[in-house]
file query.txt (compact mmCIF, C-alpha atoms)
# COMPACT_ATOMS: atom_id res chain seq x y z
CA MET A 1 21.31 30.86 -16.14
CA ILE A 2 22.36 32.44 -12.89
CA CYS A 3 24.34 30.64 -10.17
CA ARG A 4 21.35 30.19 -7.92
CA GLU A 5 19.33 28.43 -10.61
CA VAL A 6 22.33 26.31 -11.46
CA GLN A 7 22.82 25.21 -7.89
CA GLU A 8 19.18 24.28 -7.61
CA LEU A 9 19.43 22.06 -10.64
CA ILE A 10 22.91 20.77 -10.08
CA HIS A 11 21.84 17.50 -8.46
CA GLY A 12 19.56 16.80 -11.40
CA TYR A 13 22.49 17.58 -13.63
CA VAL A 14 25.02 15.21 -12.03
CA ASP A 15 22.31 12.55 -11.82
CA GLY A 16 21.54 12.87 -15.52
CA GLU A 17 17.94 13.85 -14.82
CA LEU A 18 17.71 17.11 -16.77
CA ASP A 19 16.18 17.53 -20.19
CA LEU A 20 18.44 18.26 -23.12
CA VAL A 21 17.91 22.03 -23.18
CA ARG A 22 18.58 22.49 -19.46
CA ASN A 23 21.54 20.19 -19.70
CA LEU A 24 23.14 22.32 -22.42
CA GLU A 25 22.49 25.50 -20.43
CA MET A 26 24.14 23.90 -17.40
CA GLU A 27 27.18 22.87 -19.39
CA ARG A 28 27.57 26.36 -20.77
CA HIS A 29 27.32 27.91 -17.32
CA LEU A 30 29.76 25.46 -15.74
CA ARG A 31 32.35 26.20 -18.44
CA GLU A 32 32.22 29.87 -17.52
CA CYS A 33 31.68 29.83 -13.74
CA ALA A 34 34.48 28.37 -11.65
CA GLU A 35 32.45 28.41 -8.45
CA CYS A 36 29.54 26.37 -9.81
CA ALA A 37 31.99 24.07 -11.59
CA GLY A 38 33.62 23.45 -8.20
CA VAL A 39 30.25 22.52 -6.69
CA ALA A 40 29.60 20.07 -9.51
CA GLU A 41 33.06 18.57 -9.11
CA ARG A 42 32.57 18.07 -5.35
CA LEU A 43 29.24 16.40 -6.01
CA ARG A 44 30.78 14.05 -8.53
CA ALA A 45 33.56 13.27 -6.08
CA LEU A 46 31.00 12.51 -3.38
CA ARG A 47 29.01 10.25 -5.70
CA SER A 48 31.96 8.29 -6.98
CA GLY A 49 33.41 7.97 -3.47
CA LEU A 50 30.06 6.70 -2.16
CA SER A 51 29.52 4.26 -4.98
CA GLY A 52 32.73 2.46 -4.07
CA SER A 53 32.28 2.36 -0.34
CA LEU A 54 28.55 2.16 0.42
CA PRO A 55 28.08 -1.13 2.26
CA TYR A 56 25.47 -3.24 0.48
CA PHE A 57 23.65 -5.63 2.80
CA HIS A 58 23.03 -9.07 1.42
CA PRO A 59 20.18 -11.27 2.64
CA PRO A 60 21.19 -14.12 4.92
CA ALA A 61 21.34 -17.61 3.44
CA GLY A 62 18.01 -19.31 3.86
CA LEU A 63 15.85 -16.19 3.68
CA GLU A 64 14.85 -16.91 0.09
CA GLY A 65 13.86 -20.44 1.07
CA ARG A 66 11.78 -19.19 3.97
CA ILE A 67 10.06 -16.66 1.72
CA ARG A 68 9.26 -19.34 -0.87
CA ALA A 69 7.84 -21.57 1.82
CA GLY A 70 5.78 -18.70 3.24
CA LEU A 71 4.38 -17.78 -0.17
CA ARG A 72 3.24 -21.33 -0.79
CA ALA A 73 1.73 -21.75 2.63
CA GLY A 74 -0.21 -18.52 2.16
CA ASP A 75 0.17 -18.13 5.87
CA ARG A 76 1.85 -15.31 7.69
CA PRO A 77 3.65 -17.12 10.49
CA ALA A 78 6.77 -15.05 11.03
CA ALA A 79 5.15 -11.76 10.28
CA ARG A 80 1.94 -11.92 12.20
CA ALA A 81 3.31 -12.66 15.61
CA PRO A 82 5.60 -9.63 16.05
CA TYR A 83 3.19 -7.45 14.14
CA PHE A 84 0.47 -7.73 16.70
CA GLY A 85 2.60 -9.44 19.27
CA THR A 86 2.76 -6.91 22.07
CA ARG A 87 -0.93 -6.19 22.08
CA ARG A 88 -1.81 -9.87 22.01
CA HIS A 89 0.46 -10.36 24.92
CA TRP A 90 -1.40 -7.77 26.98
CA ILE A 91 -4.74 -9.06 25.90
CA ALA A 92 -3.69 -12.52 27.05
CA ILE A 93 -2.61 -11.15 30.44
CA ALA A 94 -5.83 -9.18 30.77
CA ALA A 95 -7.81 -12.27 29.85
CA ALA A 96 -5.97 -14.35 32.43
CA LEU A 97 -6.55 -11.72 35.12
CA LEU A 98 -10.21 -11.48 34.36
CA LEU A 99 -10.56 -15.23 34.56
CA ALA A 100 -8.65 -15.43 37.82
CA VAL A 101 -10.48 -12.59 39.54
CA GLY A 102 -13.98 -12.99 38.28
CA GLY A 103 -14.14 -16.59 37.24
CA VAL A 104 -17.65 -15.99 36.03
CA LEU A 105 -17.07 -14.73 32.53
CA GLU A 106 -17.53 -17.32 29.90
CA VAL A 107 -14.57 -18.34 27.83
CA ALA A 108 -16.57 -17.95 24.66
CA TYR A 109 -17.26 -14.34 25.48
CA LEU A 110 -13.57 -13.69 26.05
CA ASN A 111 -12.65 -15.30 22.77
CA GLN A 112 -15.10 -13.11 21.01
CA ARG A 113 -13.65 -10.00 22.66
CA ARG A 114 -10.13 -11.02 21.93
CA GLY A 115 -11.02 -11.75 18.33
CA ALA A 116 -12.69 -8.36 18.03
CA GLU A 117 -9.68 -6.54 19.44
CA ILE A 118 -7.30 -8.26 17.07
CA LEU A 119 -9.63 -7.53 14.19
CA ALA A 120 -9.80 -3.88 15.25
CA GLN A 121 -6.01 -3.76 15.12
CA GLU A 122 -5.97 -5.38 11.70
CA ALA A 123 -8.69 -3.12 10.32
CA LEU A 124 -6.87 -0.07 11.62
CA ALA A 125 -3.53 -1.26 10.20
CA SER A 126 -5.19 -1.80 6.80
CA HIS A 127 -6.78 1.63 6.93
CA VAL A 128 -3.48 3.33 7.73
CA ARG A 129 -1.65 1.24 5.13
CA SER A 130 -4.20 2.20 2.49
CA LEU A 131 -3.41 5.86 3.13
CA MET A 132 0.36 5.33 3.05
CA ALA A 133 0.92 3.06 0.14
CA SER A 134 -0.82 5.23 -2.45
CA HIS A 135 -2.93 2.13 -2.77
CA LEU A 136 -6.16 3.62 -1.56
CA THR A 137 -8.20 2.21 -4.39
CA ASP A 138 -7.76 -0.51 -6.99
CA VAL A 139 -10.82 0.74 -8.81
CA PRO A 140 -11.10 4.49 -8.40
CA SER A 141 -14.67 5.25 -9.25
CA SER A 142 -17.61 7.00 -7.69
CA ASP A 143 -19.97 4.90 -9.79
CA ARG A 144 -21.27 1.96 -7.82
CA HIS A 145 -22.07 0.18 -11.07
CA THR A 146 -18.34 0.20 -11.80
CA VAL A 147 -17.16 -0.68 -8.33
CA LYS A 148 -19.49 -3.57 -7.63
CA PRO A 149 -18.73 -5.63 -10.76
CA TRP A 150 -15.03 -5.03 -10.24
CA PHE A 151 -15.16 -7.29 -7.18
CA ASN A 152 -16.65 -10.13 -9.24
CA GLY A 153 -14.15 -12.88 -9.64
CA LYS A 154 -11.90 -11.39 -7.01
CA LEU A 155 -14.05 -12.33 -4.06
CA ASP A 156 -16.30 -15.26 -3.27
CA PHE A 157 -19.07 -12.86 -2.29
CA SER A 158 -20.61 -9.73 -3.67
CA PRO A 159 -20.63 -6.73 -1.33
CA ALA A 160 -23.42 -4.18 -1.43
CA VAL A 161 -22.01 -0.99 -2.93
CA ASN A 162 -23.83 2.31 -2.45
CA ASP A 163 -22.86 5.88 -3.11
CA PHE A 164 -23.90 8.38 -0.44
CA ALA A 165 -22.74 11.50 -2.26
CA ASP A 166 -26.11 13.17 -1.75
CA ARG A 167 -25.62 12.77 2.00
CA GLY A 168 -22.05 14.05 1.99
CA PHE A 169 -20.26 10.70 1.87
CA PRO A 170 -19.26 10.17 -1.77
CA LEU A 171 -17.96 6.78 -2.85
CA ALA A 172 -14.32 7.08 -3.95
CA GLY A 173 -13.64 3.53 -5.06
CA GLY A 174 -12.94 -0.01 -4.00
CA ARG A 175 -9.98 -2.12 -3.10
CA LEU A 176 -9.18 -5.71 -2.35
CA ASP A 177 -7.80 -6.14 1.15
CA TYR A 178 -7.03 -8.94 3.54
CA LEU A 179 -8.49 -9.21 7.02
CA ASP A 180 -9.35 -12.01 9.40
CA ASN A 181 -7.29 -14.36 7.23
CA ARG A 182 -9.37 -13.83 4.11
CA PRO A 183 -9.73 -11.43 1.20
CA VAL A 184 -12.29 -8.75 1.95
CA ALA A 185 -13.88 -5.87 0.08
CA ALA A 186 -12.67 -2.43 1.12
CA LEU A 187 -15.00 0.35 0.00
CA VAL A 188 -13.48 3.80 0.19
CA TYR A 189 -15.65 6.80 1.00
CA GLN A 190 -14.82 10.41 1.55
CA ARG A 191 -16.09 12.99 3.96
CA GLN A 192 -14.48 16.30 3.04
CA LYS A 193 -10.76 15.61 3.54
CA HIS A 194 -11.28 12.46 5.58
CA VAL A 195 -11.11 8.97 4.18
CA ILE A 196 -13.36 6.18 5.41
CA ASN A 197 -12.48 2.57 4.74
CA LEU A 198 -15.49 0.27 4.95
CA PHE A 199 -14.39 -3.37 5.14
CA VAL A 200 -17.01 -5.98 4.30
CA TRP A 201 -16.94 -9.76 4.35
CA PRO A 202 -19.39 -12.59 4.93
CA ALA A 203 -20.04 -14.07 8.34
CA PRO A 204 -22.29 -17.05 7.76
CA GLY A 205 -24.28 -18.02 10.80
CA GLU A 206 -23.72 -14.79 12.70
CA SER A 207 -26.79 -12.88 13.73
CA ASP A 208 -27.29 -9.16 13.29
CA SER A 209 -25.73 -6.93 15.90
CA GLY A 210 -25.85 -3.29 16.87
CA VAL A 211 -22.99 -0.92 16.10
CA GLN A 212 -20.02 -1.36 18.42
CA ARG A 213 -17.69 1.58 18.80
CA SER A 214 -14.05 1.80 19.70
CA SER A 215 -11.21 4.19 19.10
CA GLN A 216 -7.51 3.61 18.76
CA GLN A 217 -4.61 5.94 18.15
CA GLY A 218 -6.93 8.77 17.20
CA TYR A 219 -8.99 6.70 14.76
CA ASN A 220 -12.61 5.74 15.22
CA LEU A 221 -13.74 2.22 14.47
CA LEU A 222 -17.31 1.00 14.16
CA HIS A 223 -18.32 -2.55 13.51
CA TRP A 224 -21.52 -4.48 13.19
CA THR A 225 -23.00 -7.57 11.61
CA GLN A 226 -25.96 -7.33 9.28
CA GLY A 227 -27.46 -9.83 6.87
CA HIS A 228 -24.68 -12.35 7.55
CA MET A 229 -22.03 -9.81 6.63
CA VAL A 230 -19.43 -8.22 8.90
CA TYR A 231 -18.80 -4.49 8.51
CA TRP A 232 -15.89 -2.46 9.85
CA ALA A 233 -15.76 1.30 9.26
CA VAL A 234 -12.44 2.97 10.06
CA SER A 235 -11.60 6.65 9.80
CA ASP A 236 -10.00 9.63 11.48
CA LEU A 237 -13.41 11.28 11.10
CA ASN A 238 -15.11 12.23 14.38
CA ALA A 239 -17.28 9.61 16.04
CA ALA A 240 -20.59 11.41 15.44
CA GLU A 241 -20.14 11.73 11.68
CA LEU A 242 -18.78 8.22 11.37
CA GLY A 243 -21.92 7.13 13.22
CA THR A 244 -24.03 8.95 10.63
CA PHE A 245 -22.13 7.11 7.92
CA ALA A 246 -22.73 3.75 9.61
CA ALA A 247 -26.45 4.55 9.84
CA LEU A 248 -26.51 5.30 6.09
CA VAL A 249 -24.81 2.01 5.28
CA ARG A 250 -27.11 0.09 7.58
CA GLY A 251 -30.20 1.76 6.16
CA ALA A 252 -29.24 1.27 2.51
CA PRO A 253 -31.15 -1.30 0.46
CA MET B 1 -8.41 -20.23 22.98
CA GLN B 2 -9.32 -23.41 21.19
CA ASP B 3 -12.24 -21.77 19.48
CA CYS B 4 -10.19 -18.86 18.35
CA ARG B 5 -7.55 -21.03 16.76
CA SER B 6 -9.90 -23.24 14.87
CA HIS B 7 -11.67 -20.13 13.66
CA VAL B 8 -8.41 -18.87 12.19
CA LYS B 9 -7.81 -22.12 10.40
CA VAL B 10 -11.19 -22.28 8.73
CA ASN B 11 -10.46 -19.44 6.37
CA GLN B 12 -6.88 -20.30 5.61
CA SER B 13 -7.43 -21.52 2.10
CA GLN B 14 -7.52 -18.01 0.63
CA VAL B 15 -4.21 -18.49 -1.16
CA PRO B 16 -3.50 -17.52 -4.76
CA ASP B 17 -3.22 -20.41 -7.21
CA GLN B 18 0.15 -22.11 -7.43
CA PRO B 19 0.81 -20.88 -11.03
CA ASP B 20 0.30 -17.33 -9.75
CA VAL B 21 2.81 -17.93 -7.01
CA ALA B 22 5.29 -19.26 -9.56
CA ARG B 23 4.78 -16.22 -11.78
CA PHE B 24 5.14 -13.97 -8.78
CA GLU B 25 8.36 -15.67 -7.67
CA GLN B 26 9.82 -15.36 -11.12
CA ALA B 27 9.06 -11.64 -11.33
CA VAL B 28 9.73 -10.54 -7.79
CA LEU B 29 12.20 -12.89 -6.07
CA PRO B 30 15.17 -11.66 -8.16
CA HIS B 31 14.84 -8.36 -6.27
CA LEU B 32 15.33 -9.97 -2.88
CA THR B 33 18.78 -8.44 -2.44
CA ALA B 34 17.51 -4.92 -3.16
CA ALA B 35 14.55 -5.50 -0.83
CA TYR B 36 16.78 -6.74 1.97
CA ASN B 37 19.31 -3.95 1.53
CA LEU B 38 16.61 -1.27 1.80
CA ALA B 39 14.96 -2.94 4.80
CA ARG B 40 18.33 -3.33 6.50
CA TRP B 41 19.22 0.33 5.99
CA LEU B 42 15.82 1.51 7.21
CA THR B 43 15.42 -0.74 10.25
CA GLY B 44 19.10 -0.72 11.16
CA ASN B 45 19.39 -4.38 12.13
CA ASP B 46 19.40 -7.85 10.56
CA HIS B 47 16.59 -9.35 12.57
CA ASP B 48 13.95 -6.71 11.79
CA ALA B 49 15.13 -6.48 8.19
CA GLU B 50 14.51 -10.19 7.73
CA ASP B 51 11.03 -10.07 9.26
CA VAL B 52 10.11 -6.98 7.26
CA VAL B 53 11.23 -8.58 4.00
CA GLN B 54 9.23 -11.74 4.67
CA GLU B 55 6.15 -9.68 5.52
CA SER B 56 6.71 -7.55 2.41
CA TYR B 57 6.78 -10.56 0.11
CA LEU B 58 3.54 -11.89 1.54
CA ARG B 59 1.91 -8.49 1.06
CA ALA B 60 3.38 -8.18 -2.41
CA LEU B 61 1.84 -11.52 -3.37
CA LYS B 62 -1.53 -10.29 -2.13
CA PHE B 63 -1.32 -7.21 -4.32
CA PHE B 64 0.36 -8.90 -7.29
CA SER B 65 -2.88 -9.17 -9.23
CA GLY B 66 -3.10 -5.36 -9.07
CA PHE B 67 0.44 -4.94 -10.39
CA ARG B 68 0.16 -3.61 -13.91
CA GLY B 69 3.48 -4.61 -15.40
CA GLY B 70 6.40 -2.23 -15.69
CA SER B 71 9.42 -2.62 -13.49
CA SER B 72 8.72 -4.84 -10.52
CA ARG B 73 11.72 -3.58 -8.53
CA PRO B 74 10.38 -0.10 -7.61
CA TRP B 75 6.99 -1.72 -7.04
CA LEU B 76 8.47 -4.19 -4.55
CA LEU B 77 10.62 -1.51 -2.92
CA THR B 78 7.49 0.59 -2.36
CA ILE B 79 5.94 -2.27 -0.42
CA VAL B 80 9.17 -2.93 1.50
CA ARG B 81 9.45 0.73 2.46
CA ASN B 82 5.85 0.96 3.67
CA THR B 83 6.14 -2.30 5.57
CA CYS B 84 9.30 -0.96 7.22
CA TYR B 85 7.57 2.16 8.48
CA THR B 86 4.51 0.30 9.71
CA TRP B 87 6.88 -2.11 11.45
CA MET B 88 9.00 0.62 12.97
CA ARG B 89 5.97 2.50 14.21
CA ARG B 90 4.54 -0.62 15.82
CA ASN B 91 7.79 -1.44 17.48
CA ARG B 92 8.32 2.17 18.51
CA MET B 93 11.50 2.41 16.54
CA GLU B 94 12.63 5.59 14.85
CA GLU B 95 9.87 8.06 14.06
CA PRO B 96 10.01 9.46 10.56
CA GLY B 97 9.30 13.14 10.12
CA VAL B 98 12.53 14.82 11.14
CA GLU B 99 13.62 17.58 8.80
CA LEU B 100 17.17 18.37 7.82
CA ASP B 101 17.79 22.09 8.06
CA GLU B 102 20.79 21.77 5.81
CA GLU B 103 21.55 24.63 3.43
CA ILE B 104 21.53 23.04 0.00
CA TYR B 105 23.97 25.52 -1.47
CA VAL B 106 27.57 24.55 -0.87
CA ASP B 107 29.65 27.33 0.64
CA SER B 108 33.01 28.33 -0.72
CA ASN B 109 35.16 27.00 2.13
CA SER B 110 33.96 23.41 1.78
CA PRO B 111 36.71 20.80 1.33
CA SER B 112 38.29 20.09 -2.03
CA PRO B 113 36.92 17.37 -4.29
CA GLU B 114 40.01 15.31 -3.56
CA ALA B 115 39.42 15.50 0.19
CA ILE B 116 35.78 14.48 -0.30
CA LEU B 117 36.79 11.58 -2.49
CA LEU B 118 39.31 10.37 0.09
CA ALA B 119 36.83 10.57 2.96
CA ALA B 120 34.06 8.92 0.95
CA ALA B 121 36.35 5.98 0.23
CA ARG B 122 36.34 5.14 3.95
CA SER B 123 33.37 2.84 4.22
CA ASP B 124 33.18 3.06 8.02
CA LEU B 125 32.73 6.83 7.78
CA VAL B 126 30.20 6.54 4.97
CA ARG B 127 28.17 3.96 6.78
CA ARG B 128 28.02 6.03 9.95
CA ALA B 129 27.20 9.18 8.03
CA ILE B 130 24.27 7.51 6.27
CA GLU B 131 23.00 5.85 9.42
CA GLU B 132 22.80 9.27 10.99
CA LEU B 133 20.58 10.70 8.27
CA PRO B 134 16.87 10.87 9.13
CA ALA B 135 15.05 7.94 7.52
CA GLU B 136 13.35 9.88 4.71
CA PHE B 137 16.70 11.23 3.58
CA ARG B 138 18.48 7.93 4.09
CA GLU B 139 15.96 6.07 1.92
CA ILE B 140 16.44 8.50 -0.94
CA VAL B 141 20.24 8.15 -0.82
CA ILE B 142 19.92 4.34 -0.80
CA LEU B 143 17.44 4.30 -3.68
CA ARG B 144 19.52 6.71 -5.74
CA GLU B 145 23.12 5.72 -5.00
CA MET B 146 22.72 2.00 -4.37
CA GLU B 147 19.71 1.05 -6.48
CA GLY B 148 20.21 3.65 -9.19
CA LEU B 149 16.50 4.50 -9.38
CA SER B 150 15.47 7.58 -11.34
CA TYR B 151 13.95 10.58 -9.56
CA LYS B 152 10.57 9.58 -10.91
CA GLU B 153 10.88 6.04 -9.58
CA ILE B 154 12.08 7.33 -6.21
CA ALA B 155 9.09 9.69 -6.13
CA GLU B 156 6.78 6.73 -6.68
CA VAL B 157 8.44 4.57 -4.06
CA THR B 158 8.49 7.27 -1.39
CA ALA B 159 5.15 8.85 -2.34
CA VAL B 160 6.49 12.41 -2.61
CA PRO B 161 6.73 14.75 -5.64
CA VAL B 162 9.86 14.67 -7.82
CA GLY B 163 10.81 18.16 -6.61
CA THR B 164 10.86 16.90 -3.02
CA VAL B 165 13.04 13.99 -4.08
CA MET B 166 15.57 16.40 -5.55
CA SER B 167 15.56 18.77 -2.58
CA ARG B 168 15.88 15.89 -0.09
CA LEU B 169 18.71 14.43 -2.11
CA ALA B 170 20.41 17.84 -2.12
CA ARG B 171 20.07 18.18 1.64
CA ALA B 172 21.19 14.64 2.30
CA ARG B 173 24.26 15.10 0.12
CA ALA B 174 25.12 18.42 1.76
CA ARG B 175 24.91 16.73 5.14
CA LEU B 176 27.02 13.79 3.93
CA GLN B 177 29.68 16.15 2.60
CA LYS B 178 29.76 17.92 5.93
CA LEU B 179 29.95 14.69 7.95
CA LEU B 180 32.64 13.24 5.72
CA ALA B 181 34.67 16.43 5.79
CA ASN B 182 34.51 16.60 9.53
CA PRO B 183 33.74 13.17 11.00
CA ASN B 184 34.21 14.28 14.60
CA GLU B 185 31.22 16.58 14.35
CA ALA B 186 29.03 13.77 13.21
CA ARG B 187 26.95 13.48 16.35
CA ALA B 188 26.58 17.23 16.89

call {"tool": "encode", "arguments": {"input": "query.txt", "output": "structure tokens"}}
result
Amino acid sequence: MICREVQELIHGYVDGELDLVRNLEMERHLRECAECAGVAERLRALRSGLSGSLPYFHPPAGLEGRIRAGLRAGDRPAARAPYFGTRRHWIAIAAALLLAVGGVLEVAYLNQRRGAEILAQEALASHVRSLMASHLTDVPSSDRHTVKPWFNGKLDFSPAVNDFADRGFPLAGGRLDYLDNRPVAALVYQRQKHVINLFVWPAPGESDSGVQRSSQQGYNLLHWTQGHMVYWAVSDLNAAELGTFAALVRGAP
Amino acid sequence: MQDCRSHVKVNQSQVPDQPDVARFEQAVLPHLTAAYNLARWLTGNDHDAEDVVQESYLRALKFFSGFRGGSSRPWLLTIVRNTCYTWMRRNRMEEPGVELDEEIYVDSNSPSPEAILLAAARSDLVRRAIEELPAEFREIVILREMEGLSYKEIAEVTAVPVGTVMSRLARARARLQKLLANPNEARA
């Protein structure tokens, strides 16, 4: 081994992460090379110094109790407010202004808008989270006959699952997610390098609607209601292609 | 407003069964200290750390049915870490993505092991040095030196390859050595 190789592996060595053969080679080199041995010694000194003096933060008394209570309530009281807090705040101000100035818009309409905006935020947050947490799919499969049954028993409804590979939108899998205070189906599709999350859940009593578009933070969001189900499609894909995707979903049997 | 609230309440009963919650608590609550420590180091303050940990536990419960055994600590820490970054982004806190341009090879005029050991024993210096690391280096130091996770576990938690874990650890340690050797340069 030469010094450069040794110094590349030296962290693995002091952390006990090397395989046996490499470990023996390192030991041999360090016995013969004072410079590399010095590097190893400094690293060990740093590690043992840190281990004694790194401040470990302990949770405040009462946090465990609050977590237990939250888990049993199944609610998200502390978390939800700050999570979407600022935007809600502005939406509330905007709503108040609209009411004051116009005075003609119906409250019901406002509620619907406000609900839709919050949902858009939630859907977007779920989409982004799904890309970050390496939790894109719970059931990675392009076979709709695998994905659809997987949801059985996990949801109180059965989402329509279709593969649009022949149209350039292959099904990549499915995932359980949580939106609008309920578990929902998240179907994951791909368009080249882009990921599309299609969230589906039932909306009993709601009539069919056209596709509503919005965009936030560089993502495009489409949503519509069809056959008493709510659909949200979220992606960084451009609006035109996401529109094509929505048309495919809407036209599927 | 009224309509909206009652609408939220209608669907509130989507909670896992109580036995599931009990099983979850038994498996995951023992790691509360590790979860809090990581959240506290990443967010930098008690208040956000507490909120992030509560949010993380609720999300962890949601995904618990998808947890396929193994060690629940790295699994929980993955959720805590991701919740932290989502939180920080929403609240316009620190942006991840800063690179350390540290040379990973230690030069010959670096301080002696004894000097490093002495400096590293000063917890005020260590704390400041770690707080000044960019988040993706800080998290790796915390997971390695405080939680004792393996490179492979760290790679899973932080969603980067093992090689990246090792090179980030090397850069973070080089930076720490430099800061500890010369604390006055810390903010340079």

call {"tool": "closest_residue", "arguments": {"input": "query.txt", "among": "A:Tyr56, A:Leu179, A:Ile67, A:Lys154", "to": "A:Ile118", "atoms": "only C-alpha atoms"}}
result
A:Leu179

call {"tool": "residues_around", "arguments": {"input": "query.txt", "residues": "stretch 122-129 of chain A", "least_positions_apart": "2", "cutoff": "8 Å", "atoms": "only C-alpha atoms", "output": "compact mmCIF listing (two decimals) with C-alpha atoms, in the frame of the given file"}}
result
# COMPACT_ATOMS: atom_id res chain seq x y z
CA ILE A 118 -7.30 -8.26 17.07
CA LEU A 119 -9.63 -7.53 14.19
CA ALA A 120 -9.80 -3.88 15.25
CA LEU A 131 -3.41 5.86 3.13
CA MET A 132 0.36 5.33 3.05
CA ALA A 133 0.92 3.06 0.14
CA ASP A 177 -7.80 -6.14 1.15
CA LEU A 179 -8.49 -9.21 7.02
CA ASP A 180 -9.35 -12.01 9.40
CA ASN A 197 -12.48 2.57 4.74
CA PHE A 199 -14.39 -3.37 5.14
CA TYR A 219 -8.99 6.70 14.76
CA LEU A 221 -13.74 2.22 14.47
CA TRP A 232 -15.89 -2.46 9.85
CA VAL A 234 -12.44 2.97 10.06
CA SER A 235 -11.60 6.65 9.80
CA ASN B 82 5.85 0.96 3.67
CA THR B 86 4.51 0.30 9.71

call {"tool": "interface_residues", "arguments": {"input": "query.txt", "of": "chain A", "to": "chain B", "cutoff": "6 Å", "atoms": "only C-alpha atoms", "output": "NGL selection string"}}
result
:A and (42 or 45-46 or 49-50 or 53 or 57-59 or 67 or 74 or 79 or 182)

call {"tool": "atom_distance", "arguments": {"input": "query.txt", "atom1": "atom CA of B:Ala27", "atom2": "atom CA of B:Ser71"}}
result
9.3 Å

call {"tool": "residues_near_point", "arguments": {"input": "query.txt", "point": "(30.1, 31.9, -8.9)", "cutoff": "12 Å", "atoms": "all atoms listed in the file", "output": "PyMOL selection string"}}
result
(chain A and resi 1-7+29-40) or (chain B and resi 105-108)

call {"tool": "closest_residue", "arguments": {"input": "query.txt", "among": "A:Asp143, A:Glu41, A:Glu206, A:Asp15", "to": "B:Leu149", "atoms": "all atoms listed in the file"}}
result
A:Asp15

call {"tool": "closest_residue", "arguments": {"input": "query.txt", "among": "A:Thr137, A:Ser48, A:Gln190, A:Ser209", "to": "A:Gly168", "atoms": "only C-alpha atoms"}}
result
A:Gln190

call {"tool": "residues_around", "arguments": {"input": "query.txt", "residues": "A:Thr146", "least_positions_apart": "3", "cutoff": "12 Å", "atoms": "only C-alpha atoms", "output": "ChimeraX atom specification"}}
result
/A:138-143,149-152,161-163,171-174

call {"tool": "residues_around", "arguments": {"input": "query.txt", "residues": "A:Phe169", "least_positions_apart": "3", "cutoff": "10 Å", "atoms": "all atoms listed in the file", "output": "ChimeraX atom specification"}}
result
/A:163-166,172,188-192,194-196,241-242,244-245,248

call {"tool": "atom_distance", "arguments": {"input": "query.txt", "atom1": "atom CA of B:Ala172", "atom2": "atom CA of A:Val21"}}
result
26.7 Å

call {"tool": "closest_residue", "arguments": {"input": "query.txt", "among": "B:Ser72, B:Phe64, B:Leu42, B:Met88", "to": "B:Val28", "atoms": "all atoms listed in the file"}}
result
B:Ser72

call {"tool": "atom_distance", "arguments": {"input": "query.txt", "atom1": "atom CA of B:Lys178", "atom2": "atom CA of A:Pro55"}}
result
19.5 Å
